[in-house]
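The structure file input_27.cif is reproduced below (mmCIF, C-alpha atoms and all ligand atoms).
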data_run
#
loop_
_atom_site.label_atom_id
_atom_site.label_comp_id
_atom_site.auth_asym_id
_atom_site.auth_seq_id
_atom_site.Cartn_x
_atom_site.Cartn_y
_atom_site.Cartn_z
CA MET A 1 -147.05 231.00 9.45
CA THR A 2 -148.96 231.31 6.23
CA THR A 3 -148.09 231.56 2.58
CA SER A 4 -151.20 233.69 1.99
CA THR A 5 -149.83 236.45 4.23
CA VAL A 6 -146.69 236.63 2.10
CA LEU A 7 -148.74 236.45 -1.12
CA SER A 8 -150.87 239.42 -0.03
CA GLY A 9 -147.71 241.50 -0.60
CA LEU A 10 -148.32 241.27 -4.36
CA ASP A 11 -150.20 244.60 -4.18
CA GLN A 12 -146.97 246.32 -3.09
CA VAL A 13 -145.13 244.66 -5.99
CA HIS A 14 -147.74 245.89 -8.49
CA VAL A 15 -146.66 249.45 -7.64
CA TRP A 16 -143.37 249.07 -9.58
CA GLN A 17 -143.08 245.65 -11.24
CA GLU A 18 -144.77 246.31 -14.58
CA GLU A 19 -142.81 249.53 -15.23
CA PHE A 20 -139.62 247.80 -14.13
CA TYR A 21 -140.31 244.96 -16.58
CA LYS A 22 -141.04 247.28 -19.51
CA ASN A 23 -137.88 249.25 -18.78
CA LEU A 24 -135.81 246.06 -18.66
CA HIS A 25 -137.44 244.83 -21.87
CA ALA A 26 -136.56 248.08 -23.65
CA HIS A 27 -132.94 247.93 -22.37
CA PRO A 28 -131.74 244.37 -23.02
CA GLU A 29 -128.07 243.46 -22.56
CA LEU A 30 -126.11 240.65 -24.18
CA SER A 31 -124.49 237.81 -22.20
CA HIS A 32 -121.60 239.06 -20.01
CA GLN A 33 -122.73 242.68 -20.55
CA GLU A 34 -125.61 242.79 -18.04
CA ARG A 35 -124.21 245.79 -16.10
CA ARG A 36 -127.29 248.03 -16.16
CA THR A 37 -129.57 245.13 -15.28
CA ALA A 38 -127.31 244.04 -12.43
CA GLU A 39 -127.23 247.59 -11.04
CA ARG A 40 -131.01 247.82 -11.02
CA VAL A 41 -131.30 244.37 -9.45
CA SER A 42 -128.80 245.24 -6.70
CA LYS A 43 -130.61 248.49 -5.90
CA ARG A 44 -134.00 246.77 -5.50
CA LEU A 45 -132.52 243.97 -3.38
CA ARG A 46 -130.84 246.50 -1.05
CA GLN A 47 -134.10 248.45 -0.74
CA ALA A 48 -135.88 245.23 0.22
CA GLY A 49 -133.31 244.54 2.97
CA TYR A 50 -131.05 241.95 1.35
CA GLU A 51 -127.31 241.63 1.90
CA VAL A 52 -126.06 242.02 -1.68
CA HIS A 53 -122.96 240.50 -3.31
CA GLY A 54 -122.19 241.78 -6.80
CA ASP A 55 -119.72 241.19 -9.63
CA LEU A 56 -119.86 237.39 -9.36
CA GLY A 57 -118.74 235.86 -12.64
CA GLY A 58 -118.78 239.33 -14.19
CA THR A 59 -122.21 240.82 -13.53
CA GLY A 60 -123.82 238.17 -11.30
CA VAL A 61 -125.70 239.37 -8.21
CA VAL A 62 -126.71 237.47 -5.09
CA GLY A 63 -129.05 238.76 -2.39
CA VAL A 64 -129.11 236.96 0.96
CA LEU A 65 -131.83 237.35 3.60
CA VAL A 66 -131.17 235.54 6.88
CA ASN A 67 -134.38 235.13 8.84
CA GLY A 68 -133.69 232.85 11.80
CA PRO A 69 -132.97 229.13 11.85
CA GLY A 70 -134.50 226.97 9.13
CA PRO A 71 -133.87 225.74 5.61
CA THR A 72 -131.87 227.70 3.06
CA VAL A 73 -133.57 228.14 -0.31
CA LEU A 74 -131.76 229.38 -3.42
CA VAL A 75 -133.90 230.89 -6.17
CA ARG A 76 -132.32 231.79 -9.48
CA ALA A 77 -133.17 234.07 -12.43
CA ASP A 78 -131.05 234.66 -15.54
CA MET A 79 -130.53 238.21 -16.82
CA ASP A 80 -129.12 238.16 -20.38
CA ALA A 81 -130.74 238.92 -23.74
CA LEU A 82 -130.03 237.73 -27.29
CA PRO A 83 -128.59 239.21 -30.50
CA VAL A 84 -132.05 239.26 -32.10
CA ARG A 85 -133.86 242.16 -33.80
CA GLU A 86 -137.14 242.48 -31.92
CA ASP A 87 -140.23 242.42 -34.13
CA THR A 88 -143.12 242.46 -31.67
CA GLY A 89 -144.66 245.87 -32.35
CA LEU A 90 -144.85 246.44 -28.58
CA PRO A 91 -144.66 250.08 -27.40
CA TYR A 92 -141.78 249.02 -25.13
CA ALA A 93 -139.96 246.94 -27.78
CA SER A 94 -136.17 247.08 -27.84
CA THR A 95 -134.44 249.14 -30.52
CA VAL A 96 -131.03 248.65 -28.89
CA MET A 97 -127.92 247.99 -30.97
CA THR A 98 -124.73 246.97 -29.24
CA THR A 99 -121.25 245.61 -29.84
CA ASP A 100 -120.97 241.86 -29.33
CA ALA A 101 -117.96 239.87 -28.09
CA ALA A 102 -116.62 239.59 -31.66
CA GLY A 103 -116.76 243.39 -32.12
CA ASP A 104 -119.76 243.38 -34.46
CA GLN A 105 -122.77 245.71 -34.16
CA VAL A 106 -125.84 243.60 -33.39
CA PRO A 107 -129.45 244.20 -32.36
CA VAL A 108 -130.41 243.02 -28.86
CA ALA A 109 -133.76 241.79 -27.53
CA HIS A 110 -135.13 239.92 -24.55
CA ALA A 111 -136.27 237.19 -26.94
CA CYS A 112 -135.94 234.45 -24.30
CA GLY A 113 -137.94 236.25 -21.61
CA HIS A 114 -135.18 236.57 -19.02
CA ASP A 115 -136.60 240.02 -18.25
CA VAL A 116 -139.70 238.17 -16.99
CA HIS A 117 -137.51 235.99 -14.77
CA VAL A 118 -135.67 238.99 -13.26
CA SER A 119 -138.89 240.97 -12.64
CA CYS A 120 -140.65 237.99 -11.05
CA LEU A 121 -137.73 237.11 -8.77
CA LEU A 122 -137.39 240.73 -7.60
CA GLY A 123 -141.13 240.76 -6.87
CA ALA A 124 -140.91 237.50 -4.92
CA ALA A 125 -137.81 238.77 -3.09
CA GLN A 126 -139.71 241.83 -1.89
CA MET A 127 -142.79 239.81 -0.88
CA LEU A 128 -140.71 237.34 1.11
CA ALA A 129 -138.73 240.16 2.77
CA ASP A 130 -141.89 242.09 3.68
CA GLY A 131 -143.57 238.89 4.87
CA ARG A 132 -140.60 237.58 6.87
CA GLY A 133 -142.83 237.22 9.95
CA SER A 134 -144.45 234.26 8.18
CA TRP A 135 -141.38 232.10 7.62
CA HIS A 136 -138.02 231.01 9.05
CA GLY A 137 -134.77 230.23 7.28
CA THR A 138 -132.52 231.86 4.72
CA LEU A 139 -133.41 233.03 1.24
CA VAL A 140 -130.72 233.33 -1.43
CA THR A 141 -131.86 235.17 -4.57
CA LEU A 142 -129.39 234.64 -7.39
CA PHE A 143 -129.33 236.71 -10.60
CA GLN A 144 -127.16 234.94 -13.14
CA PRO A 145 -125.46 236.44 -16.18
CA ALA A 146 -124.74 234.73 -19.49
CA GLU A 147 -127.19 231.84 -19.58
CA GLU A 148 -127.42 232.02 -23.37
CA THR A 149 -123.70 231.40 -23.75
CA GLY A 150 -123.83 228.53 -21.26
CA ASP A 151 -121.03 229.86 -19.06
CA GLY A 152 -122.71 232.30 -16.64
CA ALA A 153 -123.41 229.78 -13.88
CA ARG A 154 -119.88 228.36 -14.13
CA GLY A 155 -118.50 231.91 -14.01
CA MET A 156 -120.29 232.66 -10.72
CA LEU A 157 -119.02 229.39 -9.24
CA ALA A 158 -115.47 230.11 -10.39
CA ASP A 159 -115.73 233.52 -8.69
CA GLY A 160 -116.33 231.90 -5.32
CA LEU A 161 -120.14 231.79 -5.14
CA ALA A 162 -120.03 228.83 -2.72
CA GLY A 163 -118.03 230.87 -0.17
CA ARG A 164 -120.34 233.90 -0.33
CA ILE A 165 -123.65 232.18 0.45
CA PRO A 166 -124.89 229.70 3.06
CA THR A 167 -125.16 226.23 1.46
CA PRO A 168 -128.73 225.85 0.19
CA ASP A 169 -130.95 222.87 0.98
CA VAL A 170 -132.77 223.27 -2.31
CA ALA A 171 -132.43 225.30 -5.53
CA LEU A 172 -135.35 226.59 -7.62
CA ALA A 173 -135.67 228.24 -11.04
CA GLN A 174 -138.29 228.87 -13.70
CA HIS A 175 -138.61 229.77 -17.40
CA VAL A 176 -141.35 231.53 -19.35
CA LEU A 177 -142.45 229.29 -22.23
CA PRO A 178 -144.92 229.46 -25.15
CA PHE A 179 -147.99 228.06 -23.41
CA PRO A 180 -150.96 229.95 -21.91
CA ALA A 181 -150.10 232.63 -19.34
CA GLY A 182 -151.42 231.87 -15.88
CA GLN A 183 -150.33 228.24 -16.08
CA VAL A 184 -147.44 226.56 -14.27
CA GLY A 185 -145.91 223.24 -15.38
CA THR A 186 -143.66 220.85 -13.46
CA LEU A 187 -141.87 217.64 -14.44
CA ALA A 188 -139.77 215.27 -12.31
CA GLY A 189 -136.65 213.81 -13.93
CA PRO A 190 -134.96 215.04 -17.12
CA VAL A 191 -136.73 218.24 -18.16
CA LEU A 192 -134.16 219.94 -20.42
CA SER A 193 -131.57 218.24 -22.61
CA ALA A 194 -127.83 218.36 -22.22
CA ALA A 195 -126.22 220.04 -25.23
CA ASP A 196 -122.70 219.71 -26.58
CA SER A 197 -121.21 221.28 -29.68
CA MET A 198 -118.02 219.83 -31.14
CA ARG A 199 -115.64 221.17 -33.78
CA ILE A 200 -113.67 218.40 -35.52
CA THR A 201 -110.70 219.14 -37.76
CA VAL A 202 -109.48 216.29 -39.96
CA HIS A 203 -106.15 216.58 -41.74
CA GLY A 204 -105.58 215.21 -45.23
CA ARG A 205 -102.86 215.97 -47.76
CA GLY A 206 -103.59 218.60 -50.37
CA ALA A 207 -102.84 218.09 -54.07
CA HIS A 208 -103.92 219.01 -57.59
CA GLY A 209 -107.45 217.84 -58.32
CA SER A 210 -106.13 215.76 -61.23
CA MET A 211 -103.73 213.82 -58.99
CA PRO A 212 -105.83 212.21 -56.24
CA HIS A 213 -103.23 209.46 -55.76
CA ALA A 214 -100.88 212.13 -54.34
CA ALA A 215 -103.50 213.31 -51.85
CA VAL A 216 -105.33 212.20 -48.74
CA ASP A 217 -108.70 213.71 -49.64
CA PRO A 218 -110.34 215.29 -46.55
CA VAL A 219 -113.56 215.95 -48.49
CA VAL A 220 -114.24 212.26 -49.07
CA LEU A 221 -113.10 211.54 -45.52
CA ALA A 222 -115.46 214.15 -44.03
CA ALA A 223 -118.33 212.79 -46.12
CA MET A 224 -117.70 209.29 -44.77
CA ILE A 225 -117.58 210.66 -41.23
CA VAL A 226 -120.90 212.53 -41.61
CA ILE A 227 -122.63 209.36 -42.83
CA ARG A 228 -121.01 207.10 -40.26
CA LEU A 229 -121.93 209.47 -37.39
CA GLN A 230 -125.61 208.83 -38.20
CA THR A 231 -125.18 205.27 -36.90
CA ILE A 232 -124.45 206.50 -33.37
CA VAL A 233 -128.10 207.35 -32.67
CA SER A 234 -129.60 204.66 -34.94
CA ARG A 235 -127.25 201.73 -34.04
CA GLU A 236 -125.55 202.51 -30.70
CA THR A 237 -128.20 204.32 -28.64
CA PRO A 238 -130.85 202.17 -26.88
CA PRO A 239 -134.20 202.60 -28.67
CA GLY A 240 -135.88 203.91 -25.51
CA GLU A 241 -133.37 206.74 -25.15
CA THR A 242 -133.84 210.06 -26.92
CA ALA A 243 -130.79 211.64 -28.53
CA VAL A 244 -130.07 213.99 -31.41
CA LEU A 245 -126.82 214.29 -33.36
CA THR A 246 -126.83 216.99 -36.03
CA VAL A 247 -123.88 217.94 -38.23
CA GLY A 248 -124.68 221.61 -38.76
CA SER A 249 -121.56 222.72 -40.58
CA LEU A 250 -119.08 221.09 -42.95
CA ARG A 251 -116.32 223.17 -44.51
CA ALA A 252 -113.50 222.15 -46.85
CA GLY A 253 -111.73 223.48 -49.88
CA SER A 254 -112.01 226.61 -51.99
CA LYS A 255 -111.73 225.52 -55.65
CA SER A 256 -113.05 222.70 -57.81
CA ASN A 257 -109.66 221.40 -58.94
CA VAL A 258 -107.74 221.64 -55.66
CA ILE A 259 -107.87 218.85 -53.08
CA PRO A 260 -107.68 220.73 -49.76
CA ASP A 261 -105.56 219.66 -46.81
CA ARG A 262 -108.26 219.75 -44.15
CA ALA A 263 -111.97 219.68 -43.43
CA VAL A 264 -113.82 221.12 -40.43
CA ILE A 265 -117.02 219.51 -39.15
CA GLU A 266 -119.23 221.17 -36.52
CA LEU A 267 -121.93 219.13 -34.82
CA ASN A 268 -124.43 219.42 -31.98
CA VAL A 269 -125.56 216.65 -29.63
CA ARG A 270 -128.69 216.65 -27.39
CA THR A 271 -129.15 213.97 -24.74
CA TYR A 272 -131.32 213.30 -21.68
CA SER A 273 -128.95 211.20 -19.58
CA ASP A 274 -125.33 211.58 -18.55
CA ALA A 275 -124.59 207.97 -19.56
CA THR A 276 -125.94 208.43 -23.10
CA ARG A 277 -124.14 211.75 -23.35
CA ALA A 278 -120.78 210.15 -22.48
CA THR A 279 -121.40 207.18 -24.80
CA ILE A 280 -122.21 209.43 -27.77
CA LEU A 281 -119.26 211.79 -27.26
CA ASP A 282 -116.93 208.77 -26.99
CA ALA A 283 -118.45 207.20 -30.11
CA ILE A 284 -117.87 210.38 -32.13
CA ARG A 285 -114.17 210.38 -31.20
CA ARG A 286 -113.86 206.64 -31.96
CA ILE A 287 -115.52 206.88 -35.39
CA VAL A 288 -113.65 210.00 -36.48
CA THR A 289 -110.30 208.58 -35.34
CA ALA A 290 -110.96 205.28 -37.13
CA GLU A 291 -112.08 206.99 -40.35
CA CYS A 292 -108.91 209.09 -40.30
CA GLN A 293 -106.86 205.91 -39.96
CA ALA A 294 -108.82 204.32 -42.79
CA SER A 295 -107.91 207.31 -44.99
CA ASP A 296 -104.24 207.20 -43.89
CA CYS A 297 -104.29 210.78 -42.60
CA PRO A 298 -100.87 212.30 -41.94
CA ARG A 299 -102.06 213.75 -38.62
CA ASP A 300 -104.54 212.84 -35.88
CA PRO A 301 -107.90 214.64 -35.89
CA GLU A 302 -108.55 217.48 -33.43
CA PHE A 303 -111.65 217.71 -31.25
CA GLU A 304 -112.88 220.88 -29.58
CA LEU A 305 -116.00 220.94 -27.39
CA PHE A 306 -117.89 224.26 -27.07
CA ASP A 307 -121.33 225.69 -26.15
CA ARG A 308 -121.86 222.95 -23.58
CA PHE A 309 -124.98 222.85 -21.41
CA PRO A 310 -125.54 220.36 -18.59
CA LEU A 311 -128.53 218.06 -18.32
CA THR A 312 -131.38 219.56 -16.28
CA THR A 313 -132.91 216.67 -14.36
CA ASN A 314 -135.39 217.61 -11.66
CA ASP A 315 -135.16 215.91 -8.26
CA ALA A 316 -138.34 213.86 -7.75
CA ALA A 317 -138.95 214.73 -4.08
CA VAL A 318 -138.25 218.44 -4.57
CA THR A 319 -140.45 218.55 -7.68
CA ASP A 320 -143.28 216.74 -5.90
CA ARG A 321 -143.19 219.21 -3.03
CA ALA A 322 -143.24 222.22 -5.37
CA ALA A 323 -145.93 220.66 -7.58
CA ALA A 324 -148.15 219.97 -4.54
CA ALA A 325 -147.77 223.59 -3.41
CA PHE A 326 -148.59 224.81 -6.94
CA ALA A 327 -151.67 222.56 -7.13
CA GLU A 328 -152.92 223.91 -3.82
CA PHE A 329 -152.48 227.55 -4.83
CA PHE A 330 -153.07 227.55 -8.60
CA GLY A 331 -155.65 224.74 -8.77
CA ASP A 332 -156.14 223.55 -12.35
CA ARG A 333 -153.71 226.19 -13.61
CA ALA A 334 -150.93 223.89 -12.33
CA GLY A 335 -150.11 220.80 -14.38
CA PRO A 336 -147.41 218.73 -16.01
CA LEU A 337 -144.66 220.28 -18.16
CA GLU A 338 -143.60 218.59 -21.38
CA GLN A 339 -139.96 217.58 -21.67
CA GLN A 340 -138.15 220.41 -23.50
CA THR A 341 -135.45 220.01 -26.17
CA ALA A 342 -133.86 223.30 -25.10
CA SER A 343 -130.91 223.47 -22.69
CA GLU A 344 -129.94 225.55 -19.65
CA ASP A 345 -126.89 226.05 -17.45
CA PHE A 346 -128.85 226.58 -14.18
CA SER A 347 -128.14 223.04 -12.96
CA ASP A 348 -124.38 223.78 -12.89
CA ILE A 349 -125.02 225.72 -9.66
CA PRO A 350 -126.94 223.08 -7.64
CA ALA A 351 -124.65 220.38 -9.04
CA ALA A 352 -121.54 222.21 -7.79
CA LEU A 353 -123.15 222.85 -4.39
CA GLY A 354 -124.47 219.27 -4.10
CA VAL A 355 -128.08 220.47 -3.82
CA PRO A 356 -131.31 218.96 -5.25
CA TYR A 357 -133.31 221.24 -7.51
CA THR A 358 -136.40 221.71 -9.58
CA TYR A 359 -136.91 223.86 -12.68
CA TRP A 360 -140.45 224.59 -13.86
CA GLY A 361 -142.18 226.43 -16.69
CA ILE A 362 -144.66 229.31 -16.63
CA GLY A 363 -146.83 230.28 -19.59
CA GLY A 364 -146.37 233.59 -21.37
CA VAL A 365 -148.97 233.57 -24.15
CA ASP A 366 -152.29 235.44 -23.91
CA PRO A 367 -154.74 232.58 -23.11
CA GLN A 368 -157.29 233.73 -25.70
CA THR A 369 -154.67 234.04 -28.45
CA TYR A 370 -153.44 230.57 -27.56
CA ARG A 371 -156.95 229.07 -27.67
CA GLN A 372 -157.62 230.62 -31.09
CA ALA A 373 -154.36 229.22 -32.45
CA GLN A 374 -155.18 225.83 -30.93
CA ASP A 375 -158.70 225.80 -32.45
CA ALA A 376 -157.20 226.61 -35.86
CA GLY A 377 -154.52 223.92 -35.43
CA ARG A 378 -151.88 226.60 -35.86
CA VAL A 379 -150.03 226.75 -32.50
CA ALA A 380 -146.65 225.94 -34.09
CA GLN A 381 -147.13 228.56 -36.83
CA ASP A 382 -148.87 231.39 -34.93
CA ILE A 383 -147.34 231.38 -31.43
CA PRO A 384 -143.82 232.86 -31.45
CA VAL A 385 -141.45 230.69 -29.41
CA ASN A 386 -138.46 231.74 -27.30
CA HIS A 387 -135.57 233.19 -29.34
CA SER A 388 -137.82 234.29 -32.22
CA PRO A 389 -138.06 238.02 -33.11
CA GLY A 390 -141.79 237.99 -32.31
CA PHE A 391 -141.48 236.47 -28.82
CA ALA A 392 -143.54 238.74 -26.57
CA PRO A 393 -144.87 237.43 -23.26
CA VAL A 394 -148.18 239.07 -22.31
CA ILE A 395 -147.46 241.10 -19.15
CA GLN A 396 -150.39 239.74 -17.17
CA PRO A 397 -151.06 237.20 -15.92
CA THR A 398 -147.44 236.22 -16.73
CA LEU A 399 -145.73 238.45 -14.14
CA ASP A 400 -148.25 237.70 -11.38
CA THR A 401 -148.03 233.96 -12.02
CA GLY A 402 -144.23 233.88 -12.16
CA THR A 403 -143.95 235.96 -9.00
CA GLN A 404 -146.52 233.89 -7.11
CA ALA A 405 -144.95 230.62 -8.29
CA LEU A 406 -141.57 231.63 -6.83
CA VAL A 407 -143.15 232.63 -3.49
CA VAL A 408 -145.34 229.51 -3.30
CA ALA A 409 -142.40 227.20 -4.08
CA ALA A 410 -139.98 228.94 -1.69
CA MET A 411 -142.61 228.87 1.06
CA ALA A 412 -142.99 225.10 0.58
CA TRP A 413 -139.61 224.98 2.37
CA LEU A 414 -139.42 228.24 4.32
CA GLY A 415 -143.02 228.21 5.59
CA ARG A 416 -142.80 224.89 7.41
ZN ZN A 501 -132.71 231.26 -24.40
ZN ZN A 502 -133.83 231.35 -21.57
#
Can the structure from this file be put into structure tokens for me?
Amino acid sequence: MTTSTVLSGLDQVHVWQEEFYKNLHAHPELSHQERRTAERVSKRLRQAGYEVHGDLGGTGVVGVLVNGPGPTVLVRADMDALPVREDTGLPYASTVMTTDAAGDQVPVAHACGHDVHVSCLLGAAQMLADGRGSWHGTLVTLFQPAEETGDGARGMLADGLAGRIPTPDVALAQHVLPFPAGQVGTLAGPVLSAADSMRITVHGRGAHGSMPHAAVDPVVLAAMIVIRLQTIVSRETPPGETAVLTVGSLRAGSKSNVIPDRAVIELNVRTYSDATRATILDAIRRIVTAECQASDCPRDPEFELFDRFPLTTNDAAVTDRAAAAFAEFFGDRAGPLEQQTASEDFSDIPAALGVPYTYWGIGGVDPQTYRQAQDAGRVAQDIPVNHSPGFAPVIQPTLDTGTQALVVAAMAWLGR
């Protein structure tokens, strides 16, 4: 049983993969609207011989290939695009406009590279199906909607994902990132931050601006809260822990001589451990509640959590096994991945299924372009990152590397 036999199937993937990718790139779909993408994914999976389950959590698709006794490996790709106006100048750039969840007309682009993830996983799915004589076990390919809104994985779980697939032994996923194409990076432990957004409404008592004694001023109260919240990271978080607390929005009042009756604060928290996450969210509630008491507010504050992403913390043993397989196949193109400040909802799936996982990065930048930017000390300025209008992964070696990485990692379990 050899991984190289399966990998030789890349030639068959080359027949369609690049055109498929360009087509997907030119036809991006927003979170929860991935109907065309899901249809094309289902069709390819059926052609390759997978048992296909659709409409999970809206547009989610799962393809299952049972190939004798052995481990069950789940491999995941996300499918959604972003409300971004593409500015890459590519011949296959998106010009799509669509209606978002709020009813507004917005441009759409694959500015996070999820079209790379879908194309690579479909390629790997075909190679593993065609090369099924070289491995034993069960392969579950999972195409998730709505990663960008943080609720696609939860949606698939709520729709009964666990009952539709054999329980995996391991879960794998990857993301295209702004480092040289052809490279693969792994990291054991926390690799992506947990993210939580919170909307806080504090209630004062409105009055004429000339009569502050008749008011409970929510503007002064909110100002005190914003300052006091800064002490959570600086005074309550252990110095060795990384955390970010940003108040990104503060709204109150409409006129200079009217004391309003409320203020609304919106903040975002990034953490790399569940304990720190819980401590910080508790501290926010404690400080806001106490400041409201100090101001003698007529009503308790309201807290609303939204846009929540779980911590992505890679299992050490699973990561080591994948990293060893990458090192063997990719040689010095495999290396360590830096901890990312971004967030993902992938880990909701393995967490719900009680499965260890690893999540790695593949490069998407033309290696020569990257080297030039590096030599000029201008990587941050000249290399467009995910979510920017100029984000444009170079097709090769990005697609080959992402496809091979998925096969190599899956075979580290299935090929034994
Ligand atoms: Zn993204
Ligand atoms: Zn993404």
Could you list the protein, DNA and RNA residues that have any atom within 10 Å of ligand ZN 502 (chain A), counting all atoms listed in the file, and write them as a PDB file with C-alpha atoms, in the frame of the given file?
ATOM      1  CA  ALA A  77    -133.170 234.070 -12.430  1.00  0.00           C
ATOM      2  CA  ASP A  78    -131.050 234.660 -15.540  1.00  0.00           C
ATOM      3  CA  MET A  79    -130.530 238.210 -16.820  1.00  0.00           C
ATOM      4  CA  ASP A  80    -129.120 238.160 -20.380  1.00  0.00           C
ATOM      5  CA  ALA A  81    -130.740 238.920 -23.740  1.00  0.00           C
ATOM      6  CA  LEU A  82    -130.030 237.730 -27.290  1.00  0.00           C
ATOM      7  CA  HIS A 110    -135.130 239.920 -24.550  1.00  0.00           C
ATOM      8  CA  ALA A 111    -136.270 237.190 -26.940  1.00  0.00           C
ATOM      9  CA  CYS A 112    -135.940 234.450 -24.300  1.00  0.00           C
ATOM     10  CA  GLY A 113    -137.940 236.250 -21.610  1.00  0.00           C
ATOM     11  CA  HIS A 114    -135.180 236.570 -19.020  1.00  0.00           C
ATOM     12  CA  ASP A 115    -136.600 240.020 -18.250  1.00  0.00           C
ATOM     13  CA  HIS A 117    -137.510 235.990 -14.770  1.00  0.00           C
ATOM     14  CA  ALA A 146    -124.740 234.730 -19.490  1.00  0.00           C
ATOM     15  CA  GLU A 147    -127.190 231.840 -19.580  1.00  0.00           C
ATOM     16  CA  GLU A 148    -127.420 232.020 -23.370  1.00  0.00           C
ATOM     17  CA  GLN A 174    -138.290 228.870 -13.700  1.00  0.00           C
ATOM     18  CA  HIS A 175    -138.610 229.770 -17.400  1.00  0.00           C
ATOM     19  CA  VAL A 176    -141.350 231.530 -19.350  1.00  0.00           C
ATOM     20  CA  LEU A 177    -142.450 229.290 -22.230  1.00  0.00           C
ATOM     21  CA  ALA A 342    -133.860 223.300 -25.100  1.00  0.00           C
ATOM     22  CA  SER A 343    -130.910 223.470 -22.690  1.00  0.00           C
ATOM     23  CA  GLU A 344    -129.940 225.550 -19.650  1.00  0.00           C
ATOM     24  CA  ASP A 345    -126.890 226.050 -17.450  1.00  0.00           C
ATOM     25  CA  ASN A 386    -138.460 231.740 -27.300  1.00  0.00           C
ATOM     26  CA  HIS A 387    -135.570 233.190 -29.340  1.00  0.00           C
TER      27      HIS A 387
END
> Using only C-alpha atoms and all ligand atoms, which of the listed residues (A:Pro180, A:Pro350, A:Gly9, A:Gly150) sits closest to ligand ZN 501 (chain A)?
Replying inline: A:Gly150
>> Using only C-alpha atoms and a cutoff of 8 Å, can you tell me which residues are near (-148.3, 219.1, -15.1) in the file's coordinates, and write them out as a list in words?
In response: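 Nearby residues: Val184, Gly185, Thr186, Leu187, Ala334, Gly335, Pro336, Leu337 and Glu338 of chain A.
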Who sits within 9 Å of Leu121 (chain A), all atoms listed in the file, same chain under 5 positions skipped, as a compact mmCIF listing (two decimals) with C-alpha atoms, in the coordinates of the input:
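around_5.txt was written with the following content:
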# COMPACT_ATOMS: atom_id res chain seq x y z
CA VAL A 75 -133.90 230.89 -6.17
CA ARG A 76 -132.32 231.79 -9.48
CA ALA A 77 -133.17 234.07 -12.43
CA VAL A 116 -139.70 238.17 -16.99
CA GLN A 126 -139.71 241.83 -1.89
CA THR A 141 -131.86 235.17 -4.57
CA LEU A 142 -129.39 234.64 -7.39
CA PHE A 143 -129.33 236.71 -10.60
CA GLY A 402 -144.23 233.88 -12.16
CA THR A 403 -143.95 235.96 -9.00
CA LEU A 406 -141.57 231.63 -6.83
CA VAL A 407 -143.15 232.63 -3.49
> Any idea what's packed within 12 Å of Asp400 (chain A), counting only C-alpha atoms, ignoring anything in its chain fewer than 2 positions away? Could you give it as a PyMOL selection string?
Replying inline: chain A and resi 7-11+13-14+17-18+21+116-117+119-124+181-184+330+362-364+394-398+402-408
>> Given the point (-142.2, 233.6, 7.3) in the coordinates of this file, which residues lie within 10 Å, counting all atoms listed in the file, and how would they look as a PyMOL selection string?
In response: chain A and resi 1-3+5-6+67-68+128-137+411+414-416
>> Would you compute the distance between CA of Gln144 (chain A) and CA of Gly57 (chain A)? Give it in Å to one decimal.
In response: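 Computed distance, CA of Gln144 (chain A) to CA of Gly57 (chain A), equals 8.5 Å.
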>> Measuring between all atoms listed in the file, which one of A:Ser210, A:Ser31, A:Thr313, A:Gln47 shows the shortest distance to ligand ZN 501 (chain A)?
In response: A:Ser31
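Here CA of Ile287 (chain A) is placed at a distance of 28.7 Å from CA of Asp151 (chain A).
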> Interatomic distance between CA of Asp296 (chain A) and CA of Ala252 (chain A)?
Replying inline: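 One can read the CA of Asp296 (chain A) to CA of Ala252 (chain A) distance as 17.8 Å.
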Test item: residues at most 10 Å from Leu353 (chain A), only C-alpha atoms, excluding those fewer than 5 positions along its chain, as a JSON list (two decimals) with C-alpha atoms, in the coordinates of the input:
[["chain", "number", "residue", "atom", "x", "y", "z"],
["A", 157, "LEU", "CA", -119.02, 229.39, -9.24],
["A", 161, "LEU", "CA", -120.14, 231.79, -5.14],
["A", 162, "ALA", "CA", -120.03, 228.83, -2.72],
["A", 167, "THR", "CA", -125.16, 226.23, 1.46],
["A", 168, "PRO", "CA", -128.73, 225.85, 0.19],
["A", 169, "ASP", "CA", -130.95, 222.87, 0.98],
["A", 170, "VAL", "CA", -132.77, 223.27, -2.31],
["A", 171, "ALA", "CA", -132.43, 225.30, -5.53],
["A", 347, "SER", "CA", -128.14, 223.04, -12.96],
["A", 348, "ASP", "CA", -124.38, 223.78, -12.89]]
Build an axis-aligned box that encloses every atom of region 189-207 of chain A listed in the file, pad it by 8 Å on each side, and report its centre and edge lengths in Å to one decimal, as lines of an AutoDock Vina configuration file.
center_x = -119.8
center_y = 217.5
center_z = -34.0
size_x = 49.9
size_y = 23.5
size_z = 56.1
> Which residue, A:Cys292, A:Leu139, A:Leu24, A:Cys297, has the smallest gap to Thr72 (chain A) when you use all atoms listed in the file?
Replying inline: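 When distances to Thr72 (chain A) are compared using all atoms listed in the file, the smallest one comes from A:Leu139.
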>> With distances taken over all atoms listed in the file, which residue among A:Glu34, A:Val96, A:Trp413, A:Arg333 lies nearest Gly70 (chain A)?
In response: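 Of A:Glu34, A:Val96, A:Trp413, A:Arg333, the one nearest Gly70 (chain A), counting all atoms listed in the file, is A:Trp413.
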Selection near Pro166 (chain A), 10 Å with all atoms listed in the file, sequence-local residues under 6 positions removed, as a short mmCIF file (atom, residue, chain, number, x, y, z; two decimals) with C-alpha atoms, keeping the file's coordinate frame:
data_model
loop_
_atom_site.label_atom_id
_atom_site.label_comp_id
_atom_site.auth_asym_id
_atom_site.auth_seq_id
_atom_site.Cartn_x
_atom_site.Cartn_y
_atom_site.Cartn_z
CA VAL A 64 -129.11 236.96 0.96
CA VAL A 66 -131.17 235.54 6.88
CA THR A 72 -131.87 227.70 3.06
CA VAL A 73 -133.57 228.14 -0.31
CA LEU A 74 -131.76 229.38 -3.42
CA THR A 138 -132.52 231.86 4.72
CA LEU A 139 -133.41 233.03 1.24
CA VAL A 140 -130.72 233.33 -1.43
#
